[in-house]
$ cat final-v3.cif   # mmCIF, C-alpha atoms; chains and numbers go by the auth columns
data_coords
#
loop_
_atom_site.group_PDB
_atom_site.id
_atom_site.type_symbol
_atom_site.label_atom_id
_atom_site.label_comp_id
_atom_site.label_asym_id
_atom_site.label_seq_id
_atom_site.Cartn_x
_atom_site.Cartn_y
_atom_site.Cartn_z
_atom_site.B_iso_or_equiv
_atom_site.auth_seq_id
_atom_site.auth_asym_id
ATOM 1 C CA MET A 1 0.000 0.000 0.000 0.00 888 A
ATOM 2 C CA SER A 2 1.393 3.410 -0.968 0.00 889 A
ATOM 3 C CA GLN A 3 2.271 5.877 1.755 0.00 890 A
ATOM 4 C CA ARG A 4 -0.280 8.607 2.475 0.00 891 A
ATOM 5 C CA LEU A 5 0.760 12.039 1.193 0.00 892 A
ATOM 6 C CA CYS A 6 1.606 14.949 3.468 0.00 893 A
ATOM 7 C CA THR A 7 -0.380 18.169 3.835 0.00 894 A
ATOM 8 C CA ILE A 8 2.623 20.502 3.948 0.00 895 A
ATOM 9 C CA GLY A 9 6.315 20.443 3.108 0.00 896 A
ATOM 10 C CA ILE A 10 9.008 22.262 5.092 0.00 897 A
ATOM 11 C CA HIS A 11 12.522 22.941 3.836 0.00 898 A
ATOM 12 C CA GLY A 12 15.230 24.427 6.059 0.00 899 A
ATOM 13 C CA LEU A 13 15.240 22.935 9.541 0.00 900 A
ATOM 14 C CA THR A 14 16.214 26.050 11.462 0.00 901 A
ATOM 15 C CA SER A 15 14.970 26.256 15.049 0.00 902 A
ATOM 16 C CA ILE A 16 11.767 27.969 13.846 0.00 903 A
ATOM 17 C CA GLY A 17 11.407 25.516 10.982 0.00 904 A
ATOM 18 C CA GLN A 18 11.565 22.658 13.474 0.00 905 A
ATOM 19 C CA GLN A 19 9.032 24.362 15.747 0.00 906 A
ATOM 20 C CA PHE A 20 6.639 24.924 12.849 0.00 907 A
ATOM 21 C CA ALA A 21 6.955 21.282 11.791 0.00 908 A
ATOM 22 C CA ALA A 22 6.407 19.977 15.338 0.00 909 A
ATOM 23 C CA HIS A 23 3.452 22.329 15.863 0.00 910 A
ATOM 24 C CA HIS A 24 1.583 20.880 12.881 0.00 911 A
ATOM 25 C CA ALA A 25 2.697 17.282 13.393 0.00 912 A
ATOM 26 C CA SER A 26 1.401 17.390 16.967 0.00 913 A
ATOM 27 C CA SER A 27 -1.986 18.574 15.682 0.00 914 A
ATOM 28 C CA LYS A 28 -2.122 15.534 13.363 0.00 915 A
ATOM 29 C CA THR A 29 -1.235 17.455 10.205 0.00 916 A
ATOM 30 C CA ARG A 30 1.033 15.244 8.156 0.00 917 A
ATOM 31 C CA VAL A 31 4.348 17.053 7.533 0.00 918 A
ATOM 32 C CA CYS A 32 7.281 16.261 5.247 0.00 919 A
ATOM 33 C CA ILE A 33 10.613 17.894 6.143 0.00 920 A
ATOM 34 C CA SER A 34 13.911 18.378 4.305 0.00 921 A
ATOM 35 C CA ASP A 35 17.147 20.287 4.760 0.00 922 A
ATOM 36 C CA GLU A 36 20.370 21.223 2.980 0.00 923 A
ATOM 37 C CA ASP A 37 21.953 18.475 5.082 0.00 924 A
ATOM 38 C CA PRO A 38 20.085 15.329 3.911 0.00 925 A
ATOM 39 C CA SER A 39 20.930 13.502 7.155 0.00 926 A
ATOM 40 C CA PHE A 40 19.369 16.158 9.394 0.00 927 A
ATOM 41 C CA PRO A 41 15.639 15.337 8.914 0.00 928 A
ATOM 42 C CA ASP A 42 16.108 11.915 10.537 0.00 929 A
ATOM 43 C CA LEU A 43 17.701 13.573 13.584 0.00 930 A
ATOM 44 C CA VAL A 44 14.824 16.054 13.848 0.00 931 A
ATOM 45 C CA ILE A 45 12.244 13.277 13.583 0.00 932 A
ATOM 46 C CA GLY A 46 14.084 11.311 16.259 0.00 933 A
ATOM 47 C CA GLU A 47 13.992 14.295 18.596 0.00 934 A
ATOM 48 C CA TYR A 48 10.311 14.820 17.836 0.00 935 A
ATOM 49 C CA ARG A 49 9.609 11.212 18.749 0.00 936 A
ATOM 50 C CA ASN A 50 11.372 11.691 22.071 0.00 937 A
ATOM 51 C CA GLN A 51 9.278 14.747 22.906 0.00 938 A
ATOM 52 C CA THR A 52 5.912 13.583 21.621 0.00 939 A
ATOM 53 C CA GLU A 53 3.266 13.190 24.306 0.00 940 A
ATOM 54 C CA LEU A 54 1.368 9.916 23.941 0.00 941 A
ATOM 55 C CA ASP A 55 -2.339 9.449 24.272 0.00 942 A
ATOM 56 C CA GLU A 56 -2.394 5.932 25.727 0.00 943 A
ATOM 57 C CA ARG A 57 -6.192 5.723 25.748 0.00 944 A
ATOM 58 C CA ASP A 58 -6.540 6.038 21.976 0.00 945 A
ATOM 59 C CA GLN A 59 -3.250 4.678 20.663 0.00 946 A
ATOM 60 C CA HIS A 60 -1.847 2.379 23.332 0.00 947 A
ATOM 61 C CA ASP A 61 -1.461 -0.458 20.815 0.00 948 A
ATOM 62 C CA VAL A 62 0.598 1.606 18.305 0.00 949 A
ATOM 63 C CA PRO A 63 4.377 1.859 18.869 0.00 950 A
ATOM 64 C CA LEU A 64 5.700 5.389 19.457 0.00 951 A
ATOM 65 C CA ALA A 65 8.012 5.306 16.444 0.00 952 A
ATOM 66 C CA GLU A 66 5.114 4.384 14.174 0.00 953 A
ATOM 67 C CA ARG A 67 2.869 7.115 15.634 0.00 954 A
ATOM 68 C CA ALA A 68 5.531 9.763 15.118 0.00 955 A
ATOM 69 C CA SER A 69 6.229 8.630 11.570 0.00 956 A
ATOM 70 C CA ARG A 70 2.561 9.010 10.704 0.00 957 A
ATOM 71 C CA SER A 71 2.699 12.772 11.286 0.00 958 A
ATOM 72 C CA MET A 72 6.292 13.741 10.379 0.00 959 A
ATOM 73 C CA ILE A 73 8.398 12.128 7.685 0.00 960 A
ATOM 74 C CA GLY A 74 11.732 13.062 6.129 0.00 961 A
ATOM 75 C CA ALA A 75 12.782 13.685 2.534 0.00 962 A
ATOM 76 C CA SER A 76 16.326 13.379 1.217 0.00 963 A
ATOM 77 C CA GLY A 77 15.967 16.238 -1.271 0.00 964 A
ATOM 78 C CA TRP A 78 13.642 18.489 -3.247 0.00 965 A
ATOM 79 C CA LYS A 79 12.335 15.782 -5.566 0.00 966 A
ATOM 80 C CA GLU A 80 11.287 13.510 -2.729 0.00 967 A
ATOM 81 C CA LEU A 81 9.797 16.416 -0.761 0.00 968 A
ATOM 82 C CA VAL A 82 7.622 17.468 -3.704 0.00 969 A
ATOM 83 C CA GLN A 83 6.552 13.883 -4.393 0.00 970 A
ATOM 84 C CA ARG A 84 5.473 13.360 -0.786 0.00 971 A
ATOM 85 C CA VAL A 85 3.237 16.472 -0.523 0.00 972 A
ATOM 86 C CA GLU A 86 -0.319 16.432 -1.837 0.00 973 A
ATOM 87 C CA HIS A 87 -1.352 18.776 -4.643 0.00 974 A
ATOM 88 C CA PRO A 88 -1.800 21.718 -4.501 0.00 975 A
ATOM 89 C CA ARG A 89 1.457 21.649 -2.572 0.00 976 A
ATOM 90 C CA LYS A 90 2.093 24.021 0.317 0.00 977 A
ATOM 91 C CA ILE A 91 5.847 24.333 0.839 0.00 978 A
ATOM 92 C CA PHE A 92 7.412 26.587 3.487 0.00 979 A
ATOM 93 C CA VAL A 93 11.040 27.671 3.081 0.00 980 A
ATOM 94 C CA PHE A 94 13.007 28.630 6.195 0.00 981 A
ATOM 95 C CA GLY A 95 16.497 30.047 6.612 0.00 982 A
ATOM 96 C CA THR A 96 16.604 32.407 3.614 0.00 983 A
ATOM 97 C CA TYR A 97 15.354 35.675 5.145 0.00 984 A
ATOM 98 C CA GLY A 98 17.838 38.431 4.340 0.00 985 A
ATOM 99 C CA ASP A 99 19.681 36.194 1.851 0.00 986 A
ATOM 100 C CA ASP A 100 18.088 36.725 -1.556 0.00 987 A
ATOM 101 C CA GLU A 101 20.717 34.703 -3.410 0.00 988 A
ATOM 102 C CA LYS A 102 20.038 31.706 -1.203 0.00 989 A
ATOM 103 C CA PHE A 103 16.315 31.939 -1.936 0.00 990 A
ATOM 104 C CA ARG A 104 17.057 32.173 -5.667 0.00 991 A
ATOM 105 C CA GLU A 105 19.102 28.976 -5.347 0.00 992 A
ATOM 106 C CA VAL A 106 16.180 27.326 -3.560 0.00 993 A
ATOM 107 C CA TRP A 107 13.811 28.445 -6.317 0.00 994 A
ATOM 108 C CA ASP A 108 16.138 27.202 -9.060 0.00 995 A
ATOM 109 C CA SER A 109 16.177 23.750 -7.448 0.00 996 A
ATOM 110 C CA LEU A 110 12.464 23.648 -6.685 0.00 997 A
ATOM 111 C CA SER A 111 10.596 25.446 -9.462 0.00 998 A
ATOM 112 C CA SER A 112 10.877 22.808 -12.205 0.00 999 A
ATOM 113 C CA LEU A 113 9.272 20.233 -9.877 0.00 1000 A
ATOM 114 C CA LEU A 114 6.162 22.296 -9.149 0.00 1001 A
ATOM 115 C CA GLN A 115 2.755 22.258 -10.826 0.00 1002 A
ATOM 116 C CA ARG A 116 0.021 24.816 -11.414 0.00 1003 A
ATOM 117 C CA GLY A 117 -1.691 25.740 -8.141 0.00 1004 A
ATOM 118 C CA ASP A 118 1.278 24.919 -5.895 0.00 1005 A
ATOM 119 C CA ILE A 119 2.227 27.380 -3.129 0.00 1006 A
ATOM 120 C CA VAL A 120 5.705 28.352 -1.896 0.00 1007 A
ATOM 121 C CA VAL A 121 6.132 30.569 1.181 0.00 1008 A
ATOM 122 C CA ARG A 122 9.369 32.316 2.134 0.00 1009 A
ATOM 123 C CA TRP A 123 9.331 32.608 5.927 0.00 1010 A
ATOM 124 C CA GLY A 124 10.262 35.912 7.564 0.00 1011 A
ATOM 125 C CA ALA A 125 12.865 36.749 10.211 0.00 1012 A
ATOM 126 C CA GLU A 126 13.572 33.858 12.567 0.00 1013 A
ATOM 127 C CA ASP A 127 16.200 35.089 15.023 0.00 1014 A
ATOM 128 C CA GLY A 128 13.801 36.731 17.472 0.00 1015 A
ATOM 129 C CA SER A 129 15.355 40.174 17.028 0.00 1016 A
ATOM 130 C CA ASP A 130 13.495 43.327 16.068 0.00 1017 A
ATOM 131 C CA GLU A 131 15.545 43.729 12.902 0.00 1018 A
ATOM 132 C CA ILE A 132 13.245 44.095 9.913 0.00 1019 A
ATOM 133 C CA ILE A 133 14.716 44.138 6.420 0.00 1020 A
ATOM 134 C CA HIS A 134 12.765 46.611 4.304 0.00 1021 A
ATOM 135 C CA LYS A 135 12.917 46.554 0.521 0.00 1022 A
ATOM 136 C CA PHE A 136 11.236 48.613 -2.135 0.00 1023 A
ATOM 137 C CA TYR A 137 8.382 46.766 -3.783 0.00 1024 A
ATOM 138 C CA THR A 138 10.422 46.224 -6.966 0.00 1025 A
ATOM 139 C CA GLU A 139 13.430 44.868 -5.028 0.00 1026 A
ATOM 140 C CA SER A 140 11.610 41.926 -3.452 0.00 1027 A
ATOM 141 C CA VAL A 141 13.266 38.783 -4.811 0.00 1028 A
ATOM 142 C CA VAL A 142 10.051 36.843 -4.279 0.00 1029 A
ATOM 143 C CA GLU A 143 8.083 39.467 -6.212 0.00 1030 A
ATOM 144 C CA ASN A 144 10.586 39.385 -9.064 0.00 1031 A
ATOM 145 C CA LEU A 145 10.678 35.584 -9.250 0.00 1032 A
ATOM 146 C CA SER A 146 6.905 35.574 -9.293 0.00 1033 A
ATOM 147 C CA LYS A 147 6.856 37.897 -12.306 0.00 1034 A
ATOM 148 C CA GLU A 148 9.766 36.207 -14.068 0.00 1035 A
ATOM 149 C CA ASP A 149 8.560 32.636 -13.743 0.00 1036 A
ATOM 150 C CA ALA A 150 5.903 31.623 -11.226 0.00 1037 A
ATOM 151 C CA GLN A 151 2.873 33.658 -12.357 0.00 1038 A
ATOM 152 C CA ASP A 152 2.930 32.370 -15.941 0.00 1039 A
ATOM 153 C CA ARG A 153 2.984 28.801 -14.629 0.00 1040 A
ATOM 154 C CA GLY A 154 0.212 29.342 -12.099 0.00 1041 A
ATOM 155 C CA ILE A 155 2.494 28.893 -9.068 0.00 1042 A
ATOM 156 C CA ASN A 156 1.799 31.045 -6.019 0.00 1043 A
ATOM 157 C CA LEU A 157 4.784 32.706 -4.317 0.00 1044 A
ATOM 158 C CA PHE A 158 4.422 34.358 -0.894 0.00 1045 A
ATOM 159 C CA GLU A 159 6.680 36.632 1.175 0.00 1046 A
ATOM 160 C CA MET A 160 6.331 36.861 4.960 0.00 1047 A
ATOM 161 C CA ILE A 161 7.586 39.801 7.051 0.00 1048 A
ATOM 162 C CA ARG A 162 7.895 39.376 10.816 0.00 1049 A
ATOM 163 C CA LEU A 163 6.350 42.015 13.083 0.00 1050 A
ATOM 164 C CA GLU A 164 7.244 42.736 16.699 0.00 1051 A
ATOM 165 C CA ARG A 165 4.844 40.733 18.872 0.00 1052 A
ATOM 166 C CA ASP A 166 4.304 43.541 21.416 0.00 1053 A
ATOM 167 C CA ARG A 167 2.980 45.870 18.681 0.00 1054 A
ATOM 168 C CA VAL A 168 0.270 43.500 17.470 0.00 1055 A
ATOM 169 C CA ILE A 169 -3.101 42.765 19.040 0.00 1056 A
ATOM 170 C CA VAL A 170 -3.399 38.988 19.257 0.00 1057 A
ATOM 171 C CA GLU A 171 -6.481 37.230 20.565 0.00 1058 A
ATOM 172 C CA LYS A 172 -4.820 33.916 21.438 0.00 1059 A
ATOM 173 C CA GLU A 173 -2.360 33.960 24.331 0.00 1060 A
ATOM 174 C CA ASP A 174 -0.367 31.022 22.960 0.00 1061 A
ATOM 175 C CA ILE A 175 0.434 32.868 19.708 0.00 1062 A
ATOM 176 C CA THR A 176 3.958 34.273 19.954 0.00 1063 A
ATOM 177 C CA GLU A 177 4.678 35.383 16.370 0.00 1064 A
ATOM 178 C CA ALA A 178 3.076 37.949 14.060 0.00 1065 A
ATOM 179 C CA PHE A 179 3.573 38.384 10.310 0.00 1066 A
ATOM 180 C CA LEU A 180 2.444 40.275 7.262 0.00 1067 A
ATOM 181 C CA ILE A 181 2.194 38.092 4.183 0.00 1068 A
ATOM 182 C CA GLY A 182 1.993 39.081 0.532 0.00 1069 A
ATOM 183 C CA GLY A 183 0.728 36.849 -2.244 0.00 1070 A
ATOM 184 C CA PRO A 184 -2.350 35.820 -4.260 0.00 1071 A
ATOM 185 C CA LYS A 185 -5.535 36.192 -2.238 0.00 1072 A
ATOM 186 C CA GLU A 186 -7.183 32.951 -3.354 0.00 1073 A
ATOM 187 C CA ALA A 187 -4.108 30.887 -2.474 0.00 1074 A
ATOM 188 C CA TYR A 188 -3.815 32.728 0.846 0.00 1075 A
ATOM 189 C CA GLU A 189 -7.214 31.373 1.862 0.00 1076 A
ATOM 190 C CA THR A 190 -5.720 27.886 1.495 0.00 1077 A
ATOM 191 C CA LEU A 191 -2.732 28.829 3.660 0.00 1078 A
ATOM 192 C CA LYS A 192 -4.643 30.727 6.333 0.00 1079 A
ATOM 193 C CA PRO A 193 -5.645 27.763 8.562 0.00 1080 A
ATOM 194 C CA LEU A 194 -2.048 26.475 8.596 0.00 1081 A
ATOM 195 C CA LEU A 195 -0.592 29.871 9.474 0.00 1082 A
ATOM 196 C CA GLN A 196 -3.153 31.198 11.927 0.00 1083 A
ATOM 197 C CA SER A 197 -2.853 28.217 14.245 0.00 1084 A
ATOM 198 C CA TYR A 198 0.815 29.181 14.708 0.00 1085 A
ATOM 199 C CA ALA A 199 1.073 32.952 14.273 0.00 1086 A
ATOM 200 C CA ALA A 200 -0.964 36.134 13.893 0.00 1087 A
ATOM 201 C CA VAL A 201 -0.987 36.795 10.153 0.00 1088 A
ATOM 202 C CA GLY A 202 -2.332 39.681 8.118 0.00 1089 A
ATOM 203 C CA HIS A 203 -2.709 39.508 4.342 0.00 1090 A
ATOM 204 C CA ALA A 204 -0.970 42.587 2.918 0.00 1091 A
ATOM 205 C CA GLY A 205 -1.952 42.284 -0.732 0.00 1092 A
ATOM 206 C CA ASN A 206 -2.138 40.132 -3.831 0.00 1093 A
ATOM 207 C CA SER A 207 1.583 40.060 -4.608 0.00 1094 A
ATOM 208 C CA ALA A 208 4.665 39.127 -2.584 0.00 1095 A
ATOM 209 C CA GLY A 209 6.133 42.645 -2.525 0.00 1096 A
ATOM 210 C CA CYS A 210 3.041 43.976 -0.744 0.00 1097 A
ATOM 211 C CA ALA A 211 4.360 42.554 2.535 0.00 1098 A
ATOM 212 C CA HIS A 212 7.399 44.861 2.363 0.00 1099 A
ATOM 213 C CA TYR A 213 5.245 47.816 1.349 0.00 1100 A
ATOM 214 C CA ALA A 214 2.747 47.291 4.179 0.00 1101 A
ATOM 215 C CA SER A 215 5.551 46.811 6.714 0.00 1102 A
ATOM 216 C CA MET A 216 7.150 50.115 5.731 0.00 1103 A
ATOM 217 C CA ILE A 217 3.816 51.912 6.078 0.00 1104 A
ATOM 218 C CA GLN A 218 3.274 50.344 9.501 0.00 1105 A
ATOM 219 C CA ARG A 219 6.698 51.510 10.669 0.00 1106 A
ATOM 220 C CA ALA A 220 6.211 55.006 9.215 0.00 1107 A
ATOM 221 C CA ILE A 221 2.905 55.452 11.029 0.00 1108 A
ATOM 222 C CA GLU A 222 4.356 54.112 14.253 0.00 1109 A
ATOM 223 C CA PHE A 223 7.362 56.417 14.192 0.00 1110 A
ATOM 224 C CA GLY A 224 5.295 59.362 12.977 0.00 1111 A
ATOM 225 C CA VAL A 225 2.946 59.040 15.931 0.00 1112 A
ATOM 226 C CA SER A 226 5.674 58.506 18.513 0.00 1113 A
ATOM 227 C CA GLN A 227 7.936 61.356 17.390 0.00 1114 A
ATOM 228 C CA PRO A 228 5.665 64.206 18.653 0.00 1115 A
ATOM 229 C CA TYR A 229 5.457 62.552 22.073 0.00 1116 A
ATOM 230 C CA VAL A 230 9.248 62.289 22.246 0.00 1117 A
ATOM 231 C CA GLU A 231 9.722 65.925 21.300 0.00 1118 A
ATOM 232 C CA ALA A 232 7.063 67.067 23.764 0.00 1119 A
ATOM 233 C CA ALA A 233 8.690 65.079 26.536 0.00 1120 A
ATOM 234 C CA GLU A 234 12.023 66.741 25.793 0.00 1121 A
ATOM 235 C CA MET A 235 10.455 70.209 25.989 0.00 1122 A
ATOM 236 C CA LEU A 236 8.872 69.376 29.342 0.00 1123 A
#

$ encode --input "final-v3.cif" --output "structure tokens"
Amino acid sequence: MSQRLCTIGIHGLTSIGQQFAAHHASSKTRVCISDEDPSFPDLVIGEYRNQTELDERDQHDVPLAERASRSMIGASGWKELVQRVEHPRKIFVFGTYGDDEKFREVWDSLSSLLQRGDIVVRWGAEDGSDEIIHKFYTESVVENLSKEDAQDRGINLFEMIRLERDRVIVEKEDITEAFLIGGPKEAYETLKPLLQSYAAVGHAGNSAGCAHYASMIQRAIEFGVSQPYVEAAEML
């Protein structure tokens, strides 16, 4: 019997990439993971198995290793990752924020394997700092790749920009990340359930570069409002 396909694919097993994978695997979303180091996914899966909480009432007759492998599986490279994810594929790329050349390399390896309707998301900042990399709309590598290649083939490219958590109103206390995301609206509706269970996400517009544009506006408003208070405080 053939192996059941995964709901999402994750490439780049940074600390946040691992957290995102474990978050969905623990909620019974089937996840396929890969990394530049083809031996690393097996190590991540092994660690996930060690940390997985077991529900003995429902699954006491299923070995732990088998239970873990049902929700998180590894891929040795791009081809296997794409083959293991159901269509339309939803693939999240970690570890390329601030490194446009690295994302171009990822796209060059991945794009020929994709089909119409597939979705690729470039994750935003992952280091926990407040550093936000702003780019003009036309300088977004994801926007440019979308125009150069992806749009004509019906592939949906998304850019995510991390926002400071303390500046965002979040309804769920367990949500610790907040992002703006730019990309096709219809495809975003497919992504929304996967993203909103993990982070507060706002759709910035129908193209990838919109995330940068919206982030710059947000910062401009924030600084514009705070500047008069700073100057008034200095005068007092």

$ closest_residue --input "final-v3.cif" --among "A:Ala912, A:Ile960, A:Ala1087, A:Ile1068" --to "Gln938 (chain A)" --atoms "all atoms listed in the file"
A:Ala912

$ resolve_selection --input "final-v3.cif" --expression "the PyMOL selection byres ((chain A and resi 930) around 12)" --output "PyMOL selection string"
chain A and resi 900+905+920-922+924-929+931-937+959-961

$ atom_distance --input "final-v3.cif" --atom1 "CA of His898 (chain A)" --atom2 "CA of Glu988 (chain A)"
16.1 Å

$ atom_distance --input "final-v3.cif" --atom1 "CA of Trp1010 (chain A)" --atom2 "CA of Phe1045 (chain A)"
8.6 Å

$ atom_distance --input "final-v3.cif" --atom1 "CA of Gln1002 (chain A)" --atom2 "CA of Lys966 (chain A)"
12.7 Å

$ resolve_selection --input "final-v3.cif" --expression "the PyMOL selection byres ((chain A and resi 1033) around 12)" --output "VMD selection string"
chain A and resid 991 994 998 1006 to 1008 1025 1027 to 1032 1034 to 1046 1069 to 1071 1093 to 1096

$ residues_around --input "final-v3.cif" --residues "Leu1078 (chain A)" --least-positions-apart "3" --cutoff "10 Å" --atoms "all atoms listed in the file" --output "PyMOL selection string"
chain A and resi 895+977+1006+1008+1072-1075+1081-1083

$ residues_near_point --input "final-v3.cif" --point "(8.3, 19.5, 7.8)" --cutoff "6 Å" --atoms "only C-alpha atoms" --output "MDAnalysis selection string"
chainID A and resid 896:897 908 918:920

$ axis_aligned_box --input "final-v3.cif" --around "region 986-989 of chain A" --padding-each-side "3 Å" --output "lines of an AutoDock Vina configuration file"
center_x = 19.4
center_y = 34.2
center_z = -0.8
size_x = 8.6
size_y = 11.0
size_z = 11.3

$ resolve_selection --input "final-v3.cif" --expression "the PyMOL selection byres ((chain A and resi 983) around 10)" --output "NGL selection string"
:A and (899 or 980-982 or 984-993 or 1009-1013)

$ closest_residue --input "final-v3.cif" --among "A:Arg1049, A:Arg971, A:Arg1003, A:Lys1079" --to "Leu892 (chain A)" --atoms "all atoms listed in the file"
A:Arg971

$ closest_residue --input "final-v3.cif" --among "A:Thr901, A:Ser999, A:His911, A:Cys893" --to "Leu968 (chain A)" --atoms "all atoms listed in the file"
A:Cys893

$ closest_residue --input "final-v3.cif" --among "A:Thr916, A:Thr1077, A:Gln970, A:Ser963" --to "Leu1000 (chain A)" --atoms "all atoms listed in the file"
A:Gln970

$ closest_residue --input "final-v3.cif" --among "A:His1090, A:Thr939, A:Glu1076, A:Ser1084" --to "Ala909 (chain A)" --atoms "all atoms listed in the file"
A:Thr939
